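> PDB, C-alpha atoms, file work_37.pdb:
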```pdb
ATOM      1  CA  MET O  25     131.877  84.772  96.417
ATOM      2  CA  GLN O  26     130.599  88.269  97.152
ATOM      3  CA  LYS O  27     130.051  90.484  94.121
ATOM      4  CA  PRO O  28     131.627  93.959  94.172
ATOM      5  CA  PRO O  29     129.108  96.826  94.481
ATOM      6  CA  LEU O  30     128.355  98.898  91.364
ATOM      7  CA  THR O  31     126.130 101.895  90.769
ATOM      8  CA  LEU O  32     124.629 101.701  87.295
ATOM      9  CA  TYR O  33     123.327 105.040  86.015
ATOM     10  CA  LEU O  34     120.655 104.527  83.382
ATOM     11  CA  ALA O  35     120.069 107.442  81.019
ATOM     12  CA  ALA O  36     116.565 108.663  80.330
ATOM     13  CA  PRO O  37     115.702 109.248  77.587
ATOM     14  CA  ARG O  38     117.591 106.526  75.720
ATOM     15  CA  GLY O  39     116.981 104.129  72.839
ATOM     16  CA  PHE O  40     114.266 104.346  70.211
ATOM     17  CA  CYS O  41     113.124 107.772  69.033
ATOM     18  CA  ALA O  42     109.762 108.455  67.389
ATOM     19  CA  GLY O  43     111.267 108.325  63.889
ATOM     20  CA  VAL O  44     112.719 104.853  64.485
ATOM     21  CA  VAL O  45     109.485 103.546  66.059
ATOM     22  CA  ARG O  46     107.597 104.817  62.990
ATOM     23  CA  ALA O  47     110.077 103.290  60.510
ATOM     24  CA  ILE O  48     109.932  99.836  62.119
ATOM     25  CA  LYS O  49     106.133 100.042  62.283
ATOM     26  CA  ILE O  50     106.058 100.891  58.555
ATOM     27  CA  VAL O  51     107.976  97.711  57.687
ATOM     28  CA  GLU O  52     105.805  95.553  59.958
ATOM     29  CA  MET O  53     102.567  97.036  58.591
ATOM     30  CA  ALA O  54     103.801  96.623  54.998
ATOM     31  CA  LEU O  55     104.532  92.928  55.651
ATOM     32  CA  GLU O  56     101.080  92.537  57.199
ATOM     33  CA  LYS O  57      99.357  94.304  54.302
ATOM     34  CA  TRP O  58     101.240  92.927  51.293
ATOM     35  CA  GLY O  59     102.958  89.825  52.693
ATOM     36  CA  ALA O  60     106.618  88.854  52.308
ATOM     37  CA  PRO O  61     108.922  89.749  50.775
ATOM     38  CA  VAL O  62     108.950  93.510  51.245
ATOM     39  CA  TYR O  63     112.145  95.183  50.009
ATOM     40  CA  MET O  64     114.081  97.746  52.019
ATOM     41  CA  ARG O  65     116.428 100.134  50.248
ATOM     42  CA  HIS O  66     119.250 100.405  52.799
ATOM     43  CA  GLU O  67     118.901  99.372  56.466
ATOM     44  CA  ILE O  68     115.629 100.776  57.800
ATOM     45  CA  VAL O  69     117.589 101.999  60.840
ATOM     46  CA  HIS O  70     121.216 101.446  61.787
ATOM     47  CA  ASN O  71     120.925  98.518  64.176
ATOM     48  CA  LYS O  72     121.806  94.900  63.411
ATOM     49  CA  TYR O  73     119.366  93.440  65.958
ATOM     50  CA  VAL O  74     116.444  95.398  64.479
ATOM     51  CA  VAL O  75     117.454  94.559  60.897
ATOM     52  CA  ASP O  76     117.830  90.834  61.721
ATOM     53  CA  GLU O  77     114.400  90.777  63.415
ATOM     54  CA  LEU O  78     112.734  92.354  60.380
ATOM     55  CA  ARG O  79     114.656  90.095  57.992
ATOM     56  CA  ALA O  80     113.275  87.073  59.889
ATOM     57  CA  LYS O  81     109.759  88.430  59.285
ATOM     58  CA  GLY O  82     110.314  88.725  55.529
ATOM     59  CA  ALA O  83     112.040  92.045  54.875
ATOM     60  CA  VAL O  84     114.781  91.944  52.224
ATOM     61  CA  PHE O  85     117.533  94.547  52.595
ATOM     62  CA  VAL O  86     119.266  95.891  49.495
ATOM     63  CA  GLU O  87     121.441  98.913  48.784
ATOM     64  CA  THR O  88     120.029 100.021  45.426
ATOM     65  CA  LEU O  89     116.648 100.199  43.757
ATOM     66  CA  ALA O  90     118.066  98.169  40.866
ATOM     67  CA  GLU O  91     118.118  95.121  43.204
ATOM     68  CA  CYS O  92     114.351  95.345  43.787
ATOM     69  CA  PRO O  93     111.788  93.592  41.575
ATOM     70  CA  ASP O  94     109.050  95.752  40.007
ATOM     71  CA  ASP O  95     106.206  93.734  41.526
ATOM     72  CA  ARG O  96     107.056  93.927  45.251
ATOM     73  CA  PRO O  97     106.759  96.885  47.644
ATOM     74  CA  VAL O  98     109.925  98.806  48.478
ATOM     75  CA  ILE O  99     110.472 100.973  51.544
ATOM     76  CA  PHE O 100     112.953 103.843  51.793
ATOM     77  CA  SER O 101     114.876 104.030  55.068
ATOM     78  CA  ALA O 102     114.356 106.470  57.956
ATOM     79  CA  HIS O 103     117.518 108.338  56.867
ATOM     80  CA  GLY O 104     115.857 109.658  53.716
ATOM     81  CA  VAL O 105     116.779 109.366  50.048
ATOM     82  CA  ALA O 106     117.735 111.673  47.180
ATOM     83  CA  LYS O 107     114.860 112.857  44.972
ATOM     84  CA  SER O 108     116.143 110.653  42.156
ATOM     85  CA  VAL O 109     115.213 107.477  44.103
ATOM     86  CA  PRO O 110     111.405 107.888  44.316
ATOM     87  CA  ALA O 111     111.510 109.297  40.767
ATOM     88  CA  ALA O 112     113.179 106.072  39.570
ATOM     89  CA  ALA O 113     110.625 103.982  41.493
ATOM     90  CA  GLN O 114     107.760 105.916  39.880
ATOM     91  CA  ALA O 115     109.309 105.446  36.440
ATOM     92  CA  ARG O 116     109.181 101.677  37.055
ATOM     93  CA  ASP O 117     105.596 101.918  38.365
ATOM     94  CA  MET O 118     106.716 100.423  41.694
ATOM     95  CA  LEU O 119     104.746 100.482  44.917
ATOM     96  CA  PHE O 120     106.947 102.338  47.398
ATOM     97  CA  VAL O 121     106.600 103.668  50.935
ATOM     98  CA  ASP O 122     108.809 106.442  52.262
ATOM     99  CA  ALA O 123     109.871 105.813  55.883
ATOM    100  CA  THR O 124     112.009 108.977  56.043
ATOM    101  CA  CYS O 125     111.867 110.426  59.559
ATOM    102  CA  PRO O 126     109.582 113.505  59.495
ATOM    103  CA  LEU O 127     112.363 115.520  61.148
ATOM    104  CA  VAL O 128     114.698 114.642  58.266
ATOM    105  CA  SER O 129     111.924 115.531  55.796
ATOM    106  CA  LYS O 130     111.682 118.918  57.540
ATOM    107  CA  VAL O 131     115.339 119.580  56.630
ATOM    108  CA  HIS O 132     114.632 118.506  53.025
ATOM    109  CA  ILE O 133     111.730 120.965  52.771
ATOM    110  CA  GLU O 134     113.813 123.708  54.365
ATOM    111  CA  ALA O 135     116.610 123.206  51.805
ATOM    112  CA  GLU O 136     114.140 123.372  48.926
ATOM    113  CA  ARG O 137     112.523 126.577  50.224
ATOM    114  CA  HIS O 138     115.906 128.266  50.570
ATOM    115  CA  ALA O 139     116.853 127.135  47.055
ATOM    116  CA  GLU O 140     113.617 128.609  45.657
ATOM    117  CA  ARG O 141     114.775 131.967  47.057
ATOM    118  CA  GLY O 142     118.076 131.647  45.207
ATOM    119  CA  LEU O 143     120.151 130.646  48.234
ATOM    120  CA  GLN O 144     123.013 128.154  48.083
ATOM    121  CA  MET O 145     123.069 125.599  50.915
ATOM    122  CA  VAL O 146     125.872 124.673  53.262
ATOM    123  CA  MET O 147     125.204 121.323  54.926
ATOM    124  CA  ILE O 148     126.890 120.370  58.179
ATOM    125  CA  GLY O 149     127.096 116.582  58.149
ATOM    126  CA  HIS O 150     129.161 113.445  57.666
ATOM    127  CA  LYS O 151     130.241 112.626  54.119
ATOM    128  CA  GLY O 152     128.706 109.409  52.820
ATOM    129  CA  HIS O 153     126.157 109.042  55.638
ATOM    130  CA  PRO O 154     122.777 108.047  54.109
ATOM    131  CA  GLU O 155     121.024 111.058  55.652
ATOM    132  CA  THR O 156     123.600 113.471  54.228
ATOM    133  CA  VAL O 157     123.427 111.813  50.804
ATOM    134  CA  GLY O 158     119.623 111.998  50.865
ATOM    135  CA  THR O 159     119.482 115.639  51.969
ATOM    136  CA  MET O 160     122.109 116.809  49.462
ATOM    137  CA  GLY O 161     120.185 114.884  46.798
ATOM    138  CA  GLN O 162     117.121 117.107  47.235
ATOM    139  CA  LEU O 163     118.786 119.806  45.135
ATOM    140  CA  PRO O 164     120.833 119.828  41.915
ATOM    141  CA  GLU O 165     124.567 119.104  42.179
ATOM    142  CA  GLY O 166     126.608 122.042  43.434
ATOM    143  CA  GLU O 167     123.659 123.626  45.261
ATOM    144  CA  VAL O 168     124.606 121.979  48.572
ATOM    145  CA  LEU O 169     128.155 122.283  49.905
ATOM    146  CA  LEU O 170     129.202 119.856  52.672
ATOM    147  CA  VAL O 171     131.290 120.781  55.717
ATOM    148  CA  GLU O 172     132.311 118.342  58.456
ATOM    149  CA  THR O 173     134.593 120.489  60.628
ATOM    150  CA  PRO O 174     135.190 124.180  61.434
ATOM    151  CA  GLU O 175     138.376 123.898  59.320
ATOM    152  CA  ASP O 176     136.301 122.948  56.256
ATOM    153  CA  VAL O 177     134.536 126.318  56.424
ATOM    154  CA  ALA O 178     137.761 128.162  55.512
ATOM    155  CA  HIS O 179     137.976 126.251  52.215
ATOM    156  CA  LEU O 180     134.383 126.760  51.047
ATOM    157  CA  VAL O 181     134.017 128.285  47.601
ATOM    158  CA  VAL O 182     130.536 129.812  47.423
ATOM    159  CA  ARG O 183     128.603 131.475  44.622
ATOM    160  CA  ASP O 184     127.538 134.563  46.582
ATOM    161  CA  VAL O 185     128.422 135.305  50.223
ATOM    162  CA  GLU O 186     125.152 137.242  50.576
ATOM    163  CA  LYS O 187     122.982 134.340  49.429
ATOM    164  CA  LEU O 188     123.724 131.427  51.742
ATOM    165  CA  ALA O 189     121.828 129.294  54.239
ATOM    166  CA  TYR O 190     122.920 126.321  56.313
ATOM    167  CA  ILE O 191     121.228 123.070  57.283
ATOM    168  CA  THR O 192     122.502 120.147  59.367
ATOM    169  CA  GLN O 193     122.274 116.390  59.648
ATOM    170  CA  THR O 194     119.819 115.580  62.450
ATOM    171  CA  THR O 195     122.132 113.251  64.412
ATOM    172  CA  LEU O 196     125.202 115.413  65.038
ATOM    173  CA  SER O 197     126.926 116.393  68.274
ATOM    174  CA  VAL O 198     125.200 119.576  69.450
ATOM    175  CA  ASP O 199     128.461 121.056  70.776
ATOM    176  CA  ASP O 200     130.577 120.176  67.720
ATOM    177  CA  THR O 201     127.919 121.583  65.401
ATOM    178  CA  ALA O 202     127.857 124.837  67.381
ATOM    179  CA  LEU O 203     131.574 125.310  66.620
ATOM    180  CA  ILE O 204     130.984 124.813  62.886
ATOM    181  CA  VAL O 205     128.021 127.209  62.944
ATOM    182  CA  GLU O 206     130.215 129.793  64.688
ATOM    183  CA  ALA O 207     132.852 129.406  61.945
ATOM    184  CA  LEU O 208     130.180 129.801  59.241
ATOM    185  CA  LYS O 209     128.727 132.947  60.833
ATOM    186  CA  THR O 210     132.194 134.444  61.267
ATOM    187  CA  ARG O 211     133.115 133.888  57.619
ATOM    188  CA  PHE O 212     129.640 134.513  56.169
ATOM    189  CA  PRO O 213     127.796 136.993  58.442
ATOM    190  CA  ALA O 214     124.737 137.021  56.164
ATOM    191  CA  ILE O 215     124.247 133.223  56.260
ATOM    192  CA  ILE O 216     120.688 132.221  57.187
ATOM    193  CA  ALA O 217     120.164 129.753  60.046
ATOM    194  CA  PRO O 218     117.430 127.085  60.164
ATOM    195  CA  HIS O 219     114.052 128.406  61.303
ATOM    196  CA  LYS O 220     114.223 125.753  64.040
ATOM    197  CA  GLU O 221     117.214 123.653  65.124
ATOM    198  CA  ASP O 222     117.856 120.829  62.607
ATOM    199  CA  ILE O 223     119.486 118.474  65.145
ATOM    200  CA  CYS O 224     116.518 116.456  66.314
ATOM    201  CA  TYR O 225     115.027 116.429  69.802
ATOM    202  CA  ALA O 226     116.041 112.800  70.385
ATOM    203  CA  THR O 227     119.706 113.392  69.540
ATOM    204  CA  THR O 228     119.799 116.467  71.780
ATOM    205  CA  ASN O 229     118.011 114.754  74.687
ATOM    206  CA  ARG O 230     120.236 111.675  74.618
ATOM    207  CA  GLN O 231     123.367 113.836  74.574
ATOM    208  CA  GLU O 232     122.105 115.903  77.529
ATOM    209  CA  ALA O 233     121.463 112.733  79.559
ATOM    210  CA  VAL O 234     124.999 111.506  78.835
ATOM    211  CA  LYS O 235     126.448 114.862  79.914
ATOM    212  CA  ALA O 236     124.484 114.586  83.171
ATOM    213  CA  MET O 237     125.795 111.029  83.818
ATOM    214  CA  ALA O 238     129.422 111.611  82.866
ATOM    215  CA  PRO O 239     130.721 113.324  86.062
ATOM    216  CA  SER O 240     129.427 110.449  88.244
ATOM    217  CA  SER O 241     130.453 107.565  85.968
ATOM    218  CA  ASP O 242     133.823 105.779  85.917
ATOM    219  CA  ALA O 243     132.760 104.429  82.496
ATOM    220  CA  ILE O 244     129.925 104.970  80.036
ATOM    221  CA  LEU O 245     128.643 102.325  77.644
ATOM    222  CA  VAL O 246     126.602 103.384  74.634
ATOM    223  CA  ILE O 247     124.521 100.594  73.120
ATOM    224  CA  GLY O 248     124.365 101.092  69.365
ATOM    225  CA  ALA O 249     125.699 100.097  65.973
ATOM    226  CA  PRO O 250     129.107 101.188  64.638
ATOM    227  CA  ASN O 251     127.358 102.754  61.606
ATOM    228  CA  SER O 252     124.905 104.684  63.800
ATOM    229  CA  SER O 253     125.806 108.375  63.726
ATOM    230  CA  ASN O 254     123.837 109.353  66.823
ATOM    231  CA  SER O 255     125.303 106.446  68.843
ATOM    232  CA  LYS O 256     128.885 107.364  67.909
ATOM    233  CA  ARG O 257     128.189 110.977  68.867
ATOM    234  CA  LEU O 258     127.065 109.799  72.328
ATOM    235  CA  VAL O 259     130.465 108.176  72.883
ATOM    236  CA  GLU O 260     132.202 111.415  71.876
ATOM    237  CA  VAL O 261     129.918 113.488  74.103
ATOM    238  CA  ALA O 262     130.650 111.201  77.090
ATOM    239  CA  ALA O 263     134.408 111.578  76.577
ATOM    240  CA  ALA O 264     134.134 115.357  76.105
ATOM    241  CA  ALA O 265     132.060 115.600  79.302
ATOM    242  CA  GLY O 266     134.920 114.096  81.312
ATOM    243  CA  CYS O 267     134.223 110.357  81.401
ATOM    244  CA  SER O 268     137.604 108.600  81.213
ATOM    245  CA  TYR O 269     136.234 105.455  79.504
ATOM    246  CA  ALA O 270     133.410 105.666  76.943
ATOM    247  CA  GLN O 271     132.692 102.708  74.689
ATOM    248  CA  LEU O 272     130.225 101.776  71.949
ATOM    249  CA  VAL O 273     128.858  98.219  72.250
ATOM    250  CA  GLN O 274     126.343  96.459  70.018
ATOM    251  CA  ARG O 275     125.431  93.736  72.519
ATOM    252  CA  ALA O 276     126.358  92.623  76.035
ATOM    253  CA  HIS O 277     128.938  90.188  74.617
ATOM    254  CA  ASP O 278     130.886  93.170  73.213
ATOM    255  CA  ILE O 279     131.642  94.594  76.673
ATOM    256  CA  ASP O 280     135.357  94.684  77.456
ATOM    257  CA  TRP O 281     135.206  93.542  81.090
ATOM    258  CA  ARG O 282     138.971  93.864  81.543
ATOM    259  CA  ALA O 283     138.790  97.570  80.746
ATOM    260  CA  LEU O 284     136.109  97.944  83.430
ATOM    261  CA  GLU O 285     138.078  96.273  86.248
ATOM    262  CA  GLY O 286     137.919  98.250  89.476
ATOM    263  CA  ILE O 287     135.069 100.572  88.439
ATOM    264  CA  LYS O 288     132.524 101.643  91.055
ATOM    265  CA  SER O 289     130.008 103.236  88.692
ATOM    266  CA  VAL O 290     128.946 102.893  85.070
ATOM    267  CA  GLY O 291     126.579 104.914  82.912
ATOM    268  CA  VAL O 292     124.467 103.092  80.330
ATOM    269  CA  THR O 293     122.579 104.634  77.430
ATOM    270  CA  ALA O 294     121.440 103.588  73.961
ATOM    271  CA  GLY O 295     121.410 105.286  70.581
ATOM    272  CA  ALA O 296     118.107 106.199  68.945
ATOM    273  CA  SER O 297     118.003 102.994  66.857
ATOM    274  CA  ALA O 298     118.861 100.540  69.692
ATOM    275  CA  PRO O 299     115.945  98.580  71.207
ATOM    276  CA  GLU O 300     115.348  98.386  74.972
ATOM    277  CA  ILE O 301     115.863  94.605  74.931
ATOM    278  CA  LEU O 302     119.596  95.247  74.330
ATOM    279  CA  VAL O 303     119.709  97.689  77.269
ATOM    280  CA  ASN O 304     118.195  95.036  79.538
ATOM    281  CA  GLU O 305     120.697  92.488  78.218
ATOM    282  CA  VAL O 306     123.589  94.788  79.221
ATOM    283  CA  ILE O 307     122.097  95.450  82.676
ATOM    284  CA  ASP O 308     121.689  91.685  83.229
ATOM    285  CA  ALA O 309     125.329  91.142  82.198
ATOM    286  CA  PHE O 310     126.439  93.616  84.889
ATOM    287  CA  LYS O 311     124.187  91.931  87.464
ATOM    288  CA  THR O 312     125.949  88.597  86.934
ATOM    289  CA  ARG O 313     129.271  90.209  87.874
ATOM    290  CA  TYR O 314     128.338  92.990  90.303
ATOM    291  CA  ASP O 315     125.931  93.803  93.099
ATOM    292  CA  VAL O 316     124.138  96.434  91.015
ATOM    293  CA  THR O 317     122.186  99.453  92.217
ATOM    294  CA  VAL O 318     120.346 101.075  89.303
ATOM    295  CA  LYS O 319     119.834 104.840  89.398
ATOM    296  CA  PHE O 320     117.962 106.753  86.687
ATOM    297  CA  VAL O 321     119.372 109.958  85.250
ATOM    298  CA  GLU O 322     116.388 111.653  83.626
ATOM    299  CA  THR O 323     116.943 114.951  81.839
ATOM    300  CA  ALA O 324     113.845 115.112  79.612
ATOM    301  CA  GLU O 325     110.502 113.451  78.952
ATOM    302  CA  GLU O 326     109.617 112.402  75.422
ATOM    303  CA  ASN O 327     106.074 111.955  74.104
ATOM    304  CA  VAL O 328     106.589 112.535  70.382
ATOM    305  CA  GLU O 329     104.660 110.294  67.990
ATOM    306  CA  PHE O 330     104.633 110.250  64.181
ATOM    307  CA  LYS O 331     101.869 108.858  61.973
ATOM    308  CA  VAL O 332     102.648 106.174  59.407
ATOM    309  CA  PRO O 333     101.913 106.972  55.724
ATOM    310  CA  ARG O 334      98.253 106.846  54.652
ATOM    311  CA  VAL O 335      98.836 103.975  52.212
ATOM    312  CA  LEU O 336      99.451 101.666  55.191
ATOM    313  CA  ARG O 337      96.386 102.871  57.096
ATOM    314  CA  GLU O 338      94.026 102.264  54.175
ATOM    315  CA  ALA O 339      92.343  98.924  53.610
ATOM    316  CA  VAL O 340      93.670  96.786  50.755
TER     317      VAL O 340
END
```
Represent the structure contained in this file as structure tokens.

Amino acid sequence: MQKPPLTLYLAAPRGFCAGVVRAIKIVEMALEKWGAPVYMRHEIVHNKYVVDELRAKGAVFVETLAECPDDRPVIFSAHGVAKSVPAAAQARDMLFVDATCPLVSKVHIEAERHAERGLQMVMIGHKGHPETVGTMGQLPEGEVLLVETPEDVAHLVVRDVEKLAYITQTTLSVDDTALIVEALKTRFPAIIAPHKEDICYATTNRQEAVKAMAPSSDAILVIGAPNSSNSKRLVEVAAAAGCSYAQLVQRAHDIDWRALEGIKSVGVTAGASAPEILVNEVIDAFKTRYDVTVKFVETAEENVEFKVPRVLREAV
């Protein structure tokens, strides 16, 4: 039986960003240096496949420091942690490695510098997301006010309208964030913007590639985890850019083939914590059902690399 033709648009860039590559490398180097088990406070990155692979190598994933023994190394996830976490680890004389993405650390430093100048922070982010919790935890309670939507801005109660600055989670929708920033600047004209955009290069690049694919695609599949902020934003960006069917899938077996009946083209991308092996798995799944022509949609080139912490580069 002849397979129906399908054009598969493959986004570039897609998948792992430099922060994720670094975080995974940190866990692997820690296991090599100190042996198993190595404890991870929270998922190192939001992807089940990656977490399962590291668990098989000897990583133990926990949600709190209290679950970690004193005598084994503990790694803090790429999303960052509140200041109280490394302080608690130091108090217990634990060996810990911070895998916080350097671009998240940049936001932490920025918040602290603003606070030193007497400014109150407004953070644009998602309540309860580990990155938001970690960033807000850099300063004392009440010093960082969270907003998730332009509507939230109207209800902000600030200490001094002349002494405000805003920061953002690194994995937000660029367009949605712009609307919130506009609302902040309208209500608080003196508010200070980040020196450089807080939304990271990888989030921005992946969203741009999706926007470029959307007009040509009958459907867009985003490979990523349901708890991955940047992956969920890609689905929203695809829908906002005019794609009538945009879906988040963790693996090829999650694809809803019925929903794709009759399509002539599909766009495929992956969130910043999804490995390329899962992209290839999805492409292979399409090839079993369609006569696939793959076309690349490249909107940027990425060559960013981050060093791992010195403690892992030093000999035992």
> Would you mind telling me which residue in O:Val318, O:Ala36, O:Ile216, O:Ile68 lies nearest to O:Asp122 when using all atoms listed in the file?
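When distances to O:Asp122 are compared using all atoms listed in the file, the smallest one comes from O:Ile68.
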> When you look at O:Glu221 with a cut-off of 10 Å (counting only C-alpha atoms), what residues show up, excluding the ones that are within fewer than 2 positions of it in the same chain? I need them as a ChimeraX atom specification.
/O:131,191-192,194,198,217-219,223-225
> What is the distance, in Å and to one decimal place, between atom CA of O:Lys256 and atom CA of O:Gly166?
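A separation of 28.6 Å between them.
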> List as a PyMOL selection string the protein and nucleic acid residues near stretch 299-308 of chain O, meaning an atom at most 9 Å away when all atoms listed in the file are counted, but skip any in the same chain fewer than 6 places from it.
chain O and resi 32+38-40+71+73-74+247-248+274-277+279+292-293+316+318
> Here is a test: counting all atoms listed in the file, which residue of O:Thr31, O:Leu143, O:Arg137, O:Gln26 is nearest to O:Val290?
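Ranked by minimum distance to O:Val290, first place goes to O:Thr31.
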> Mind pulling up the distance from atom CA of O:Val105 to atom CA of O:Leu78?
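Result for atom CA of O:Leu78 versus atom CA of O:Val105: 20.3 Å, one decimal.
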> For O:Val171, which residue out of O:Gly59, O:Gly149, O:Gly43, O:Gly291 is the nearest one, using all atoms listed in the file?
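Result for the nearest residue to O:Val171: O:Gly149.
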> Excluding O:Pro93 and residues on its chain fewer than 5 positions from it, collect all residues at most 9 Å away from it, counting all atoms listed in the file, and give them as a PDB file with C-alpha atoms, keeping the file's coordinate frame.

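Saved to out07.pdb:
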```pdb
ATOM      1  CA  TYR O  63     112.145  95.183  50.009  1.00  0.00           C
ATOM      2  CA  VAL O  98     109.925  98.806  48.478  1.00  0.00           C
ATOM      3  CA  MET O 118     106.716 100.423  41.694  1.00  0.00           C
TER       4      MET O 118
END
```
> Considering all atoms listed in the file, state which residue in the set O:Asp184, O:Glu56, O:Glu167, O:Glu322 is at the smallest distance from O:Lys81.
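Of all the options, O:Glu56 lies closest to O:Lys81.
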> With distances taken over all atoms listed in the file, which of O:Ser101, O:Ser268, O:Thr88, O:Ser297 is nearest to O:Leu284?
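Answer, going by the shortest atom-to-atom distance: O:Ser268.
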> For O:Arg141, which residue out of O:Leu188, O:Glu87, O:Ala113, O:Glu338 is the nearest one, using all atoms listed in the file?
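Among the listed residues, the smallest separation from O:Arg141 belongs to O:Leu188.
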> Determine the residue set returned by the PyMOL selection byres ((chain O and resi 236) around 9) for the present structure, and present it as a PyMOL selection string.
chain O and resi 35+231-235+237-240+265+321-323
> Go ahead and save the picked residues with C-alpha atoms, as a PDB file, in the frame of the given file.

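This is the output file selection20.pdb:
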```pdb
ATOM      1  CA  ALA O  35     120.069 107.442  81.019  1.00  0.00           C
ATOM      2  CA  GLN O 231     123.367 113.836  74.574  1.00  0.00           C
ATOM      3  CA  GLU O 232     122.105 115.903  77.529  1.00  0.00           C
ATOM      4  CA  ALA O 233     121.463 112.733  79.559  1.00  0.00           C
ATOM      5  CA  VAL O 234     124.999 111.506  78.835  1.00  0.00           C
ATOM      6  CA  LYS O 235     126.448 114.862  79.914  1.00  0.00           C
ATOM      7  CA  MET O 237     125.795 111.029  83.818  1.00  0.00           C
ATOM      8  CA  ALA O 238     129.422 111.611  82.866  1.00  0.00           C
ATOM      9  CA  PRO O 239     130.721 113.324  86.062  1.00  0.00           C
ATOM     10  CA  SER O 240     129.427 110.449  88.244  1.00  0.00           C
ATOM     11  CA  ALA O 265     132.060 115.600  79.302  1.00  0.00           C
ATOM     12  CA  VAL O 321     119.372 109.958  85.250  1.00  0.00           C
ATOM     13  CA  GLU O 322     116.388 111.653  83.626  1.00  0.00           C
ATOM     14  CA  THR O 323     116.943 114.951  81.839  1.00  0.00           C
TER      15      THR O 323
END
```
> Using the chain letters and numbers from the file, which residues does the PyMOL selection byres ((chain O and resi 332) around 9) grab, as a list in words?
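Applied to this file, the PyMOL selection byres ((chain O and resi 332) around 9) selects Arg46, Ala47, Lys49, Ile50, Ala123, Phe330, Lys331, Pro333, Arg334, Val335, Leu336 and Arg337 of chain O.
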> Go through the shown structure with the PyMOL selection byres ((chain O and resi 89-91) around 12) and write out the matching residues as a short mmCIF file (atom, residue, chain, number, x, y, z; two decimals) with C-alpha atoms, in the frame of the given file.

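Produced file expr.cif, reproduced below:
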```cif
data_model
loop_
_atom_site.label_atom_id
_atom_site.label_comp_id
_atom_site.auth_asym_id
_atom_site.auth_seq_id
_atom_site.Cartn_x
_atom_site.Cartn_y
_atom_site.Cartn_z
CA TYR O 63 112.14 95.18 50.01
CA MET O 64 114.08 97.75 52.02
CA ARG O 65 116.43 100.13 50.25
CA HIS O 66 119.25 100.40 52.80
CA VAL O 84 114.78 91.94 52.22
CA PHE O 85 117.53 94.55 52.60
CA VAL O 86 119.27 95.89 49.50
CA GLU O 87 121.44 98.91 48.78
CA THR O 88 120.03 100.02 45.43
CA CYS O 92 114.35 95.34 43.79
CA PRO O 93 111.79 93.59 41.58
CA ASP O 94 109.05 95.75 40.01
CA ARG O 96 107.06 93.93 45.25
CA PRO O 97 106.76 96.88 47.64
CA VAL O 98 109.92 98.81 48.48
CA ILE O 99 110.47 100.97 51.54
CA PHE O 100 112.95 103.84 51.79
CA VAL O 105 116.78 109.37 50.05
CA SER O 108 116.14 110.65 42.16
CA VAL O 109 115.21 107.48 44.10
CA PRO O 110 111.40 107.89 44.32
CA ALA O 111 111.51 109.30 40.77
CA ALA O 112 113.18 106.07 39.57
CA ALA O 113 110.62 103.98 41.49
CA GLN O 114 107.76 105.92 39.88
CA ALA O 115 109.31 105.45 36.44
CA ARG O 116 109.18 101.68 37.06
CA MET O 118 106.72 100.42 41.69
CA LEU O 119 104.75 100.48 44.92
CA PHE O 120 106.95 102.34 47.40
#
```
> As an exercise, work out the distance from atom CA of O:Pro37 to atom CA of O:Asn327 in Å and give it to one decimal place.
10.6 Å
> With 3 Å on each side, where is the centre of the axis-aligned box around all listed atoms of stretch 291-302 of chain O, and how long are its edges in Å to one decimal, as lines of an AutoDock Vina configuration file?

```
center_x = 121.0
center_y = 100.4
center_z = 74.9
size_x = 17.2
size_y = 17.6
size_z = 22.1
```
